[in-house]
Amino acid sequence: MNVELLISGKSAAAKGNRTFNRINPYNQQIASTVASASLDDALTAVAAAHAAFEPWAVIGPHERRKLLLKAADLMEMRLQDFVAITIAETGATGGWAGFNVTVAAKMLREAASMTTQISGEIIPTEKSGSLSMVVRQPVGVCLGIAPWNAAVILGTRAVAMPLACGNPVILKASEMCPATHMMIGQVLNDAGLPPGVVNVITNAPEDAGKVVEALVRAPEVKRVNFTGSTKVGRIIAKLCAEELKPSLLELGGKAPFIVLDDANMEGAVNGAVFGAYMNMGQICMSTERIIVTESIADQFVSALAEKASSLPAGDPTDTNVLGALVSQEAAEKMEEIIADAVGKGAELISGGGRRGSVVEATVLDHVTADMRIYHEESFGPVKPVIRVEDAEEAIRVANDTEYGLSASLYSQNIPQALKLAARIKSGICHINGPTVADEPQMPFGGMKSSGWGRFGGKAAVAEFTDLRWLTIEDATQRFPF
């Protein structure tokens with residue numbers, strides 16, 4: 001598949017016709033040949049978005065709603081195209097790719113519903129005869145930088161609410177799924193959004209740093225949202241701070257999955273397996289630490305290992321639950337993590353095998369704090385079980401991480417579970433549900449090294465608008481001098 005840039009409503013080759021190839025991580029064939037943007041190309045996209053700002057900002061909310069709803073319909077109509085290219089570029093299974101399209105279409109519809117909910121308020125003022133109000137207004141060009149792991153969901157999330165709020169957007173596509181992200185731009189463009197309102201930039205991996213810096217530093221760019229690793233998030237945050245630009249960051253995670261003595265065993269096992277192995281564990285919310293009280297640990301771990309061992313892994317175009325990891329390097333990292341844990345006393349009770357970029361669903365028992373997998377985000381299908389004495393120790397271990405995105409807690413004592421959930425330092429916590437969950441209307445984001453700000457619904461309106469205080473006063477009012 002050949003991919004060009006999308007600037008001002010038109011496809012365009014990169015300067016000098018530079019391209020790069022994205023390689024299929026499963027079969028090592030070329031998945032897409034993609035335009036490799038230069039700094040000039042990036043700044044051309046900025047100029048196109050800036051020129052589109054004022055006309056788009058004054059378009060009525062129902063017109064914006066109509067266009068976003070049409071884009072959602074087009075996205076669903078092109079589901080099979082999205083699935084095919086997502087599998088080819090990222091190694092994801094067809095089920096995960098299709099789920100991405102379904103949720104992304106919902107995100108567009110949720111954003112469409114918010115166009116008439118961007119409201120202000122009247123605030124009482126000390127000045128007699130005056131009206132004091134607070135309003136929200138579009139900010140200008142919004143830059144969205146999206147990752148590959150939930151390509152359609154996160155690429156769409158990066159632009160949907162900014163557009164609903166009246167802002168033009170630039171989507172900086174991931175080098176790992178450039179064609180998939182470009183399809184999002186094409187869907188919005190084909191839905192009839194005016195030229196320049198949606199722009200998509202693709203770049204070769206070696207150019208990522210300088211392209212991102214040019215986009216962030218461009219004076220016309222007023223907001224930046226980034227989803228990806230904490231390491232890169234710190235770089236984005238620093239660039240934004242230097243330019244005094246607000247940023248919305250959704251970064252890494254090390255989600256705890258707590259199973260207490262009174263948990264529903266079958267439900268907990270099912271929730272752990274889903275949260276741990278959906279998309280091969282390559283989700284920011286993926287279950288990364290399974291924390292089990294000692295009294296039920298043997299029973300739980302036995303059932304967990306049995307279910308994990310039953311999950312087929314292989315060709316992502318087949319009916320396997322686990323497909324390929326995004327790269328050979330990611331698969332090799334899983335072997336390194338397993339070797340480190342086993343070498344320090346962990347017990348490999350399920351999986352552990354690797355064939356190229358395919359890694360089996362793996363469970364490591366008796367994991368301790370001196371092992372890499374205890375602290376390090378694995379971002380793969382290798383999961384640790386950490387045994388604890390009681391609920392108090394479970395909370396301590398859950399919070400023993402720099403991250404704070406998602407968490408789960410299984411217990412049939414709901415009053416106690418609510419009290420414990422309040423003590424977990426994470427932006428999201430599910431009681432008797434898996435760590436992996438997403439609904440477009442929910443405030444989505446983390447704490448600590450998992451980032452700041454919130455995507456989703458009304459919470460996102462605050463991220464992509466300026467809050468202004470306006471007054472209408474008596475021109476004949478008196479002053480003390």
# chains A, B, ... in the order shown; residues from 1 in each chain; ligands from 1
call {"tool": "select_by_dssp", "arguments": {"residues": "range 220-296 of chain A", "states": "strand (DSSP E)", "output": "ChimeraX atom specification"}}
result
/A:221-227,247-250,255-259,287-293
call {"tool": "residues_around", "arguments": {"residues": "Thr227 in chain A", "least_positions_apart": "3", "cutoff": "6 Å", "atoms": "only C-alpha atoms", "output": "PyMOL selection string"}}
result
chain A and resi 146+249-251
call {"tool": "closest_residue", "arguments": {"among": "A:Gln477, A:Asn2, A:Ser450, A:Thr471", "to": "Val232 in chain A", "atoms": "only C-alpha atoms"}}
result
A:Ser450
call {"tool": "closest_residue", "arguments": {"among": "A:Pro124, A:Gly323, A:Gly252, A:Pro219", "to": "Gly445 in chain A", "atoms": "only C-alpha atoms"}}
result
A:Gly252
call {"tool": "closest_atom_pairs", "arguments": {"of": "range 276-327 of chain A", "to": "range 418-438 of chain A", "cutoff": "10 Å", "atoms": "only C-alpha atoms", "output": "CSV"}}
result
residue,atom,partner,partner_atom,distance
A:Ala276,CA,A:Val436,CA,8.4
A:Tyr277,CA,A:Val436,CA,10.0
A:Met278,CA,A:Val436,CA,8.3
A:Gly281,CA,A:Val436,CA,9.8
A:Ile283,CA,A:Val436,CA,7.8
A:Cys284,CA,A:Val436,CA,8.4
A:Met285,CA,A:Val436,CA,5.2
A:Ser286,CA,A:Val436,CA,5.8
A:Thr287,CA,A:Thr435,CA,5.9
A:Glu288,CA,A:Thr435,CA,9.2
call {"tool": "atom_distance", "arguments": {"atom1": "CA of Arg355 in chain A", "atom2": "CA of Thr319 in chain A"}}
result
16.9 Å
call {"tool": "closest_residue", "arguments": {"among": "A:Val259, A:Leu143, A:Ala88, A:Leu405", "to": "Ile170 in chain A", "atoms": "only C-alpha atoms"}}
result
A:Leu143
call {"tool": "residues_around", "arguments": {"residues": "range 367-380 of chain A", "least_positions_apart": "2", "cutoff": "9 Å", "atoms": "only C-alpha atoms", "output": "ChimeraX atom specification"}}
result
/A:252-254,276-277,279-284,286,288-289,325,330-331,333-334,337-338,340-342,344-347,359,361,364-365,382-387,400-402
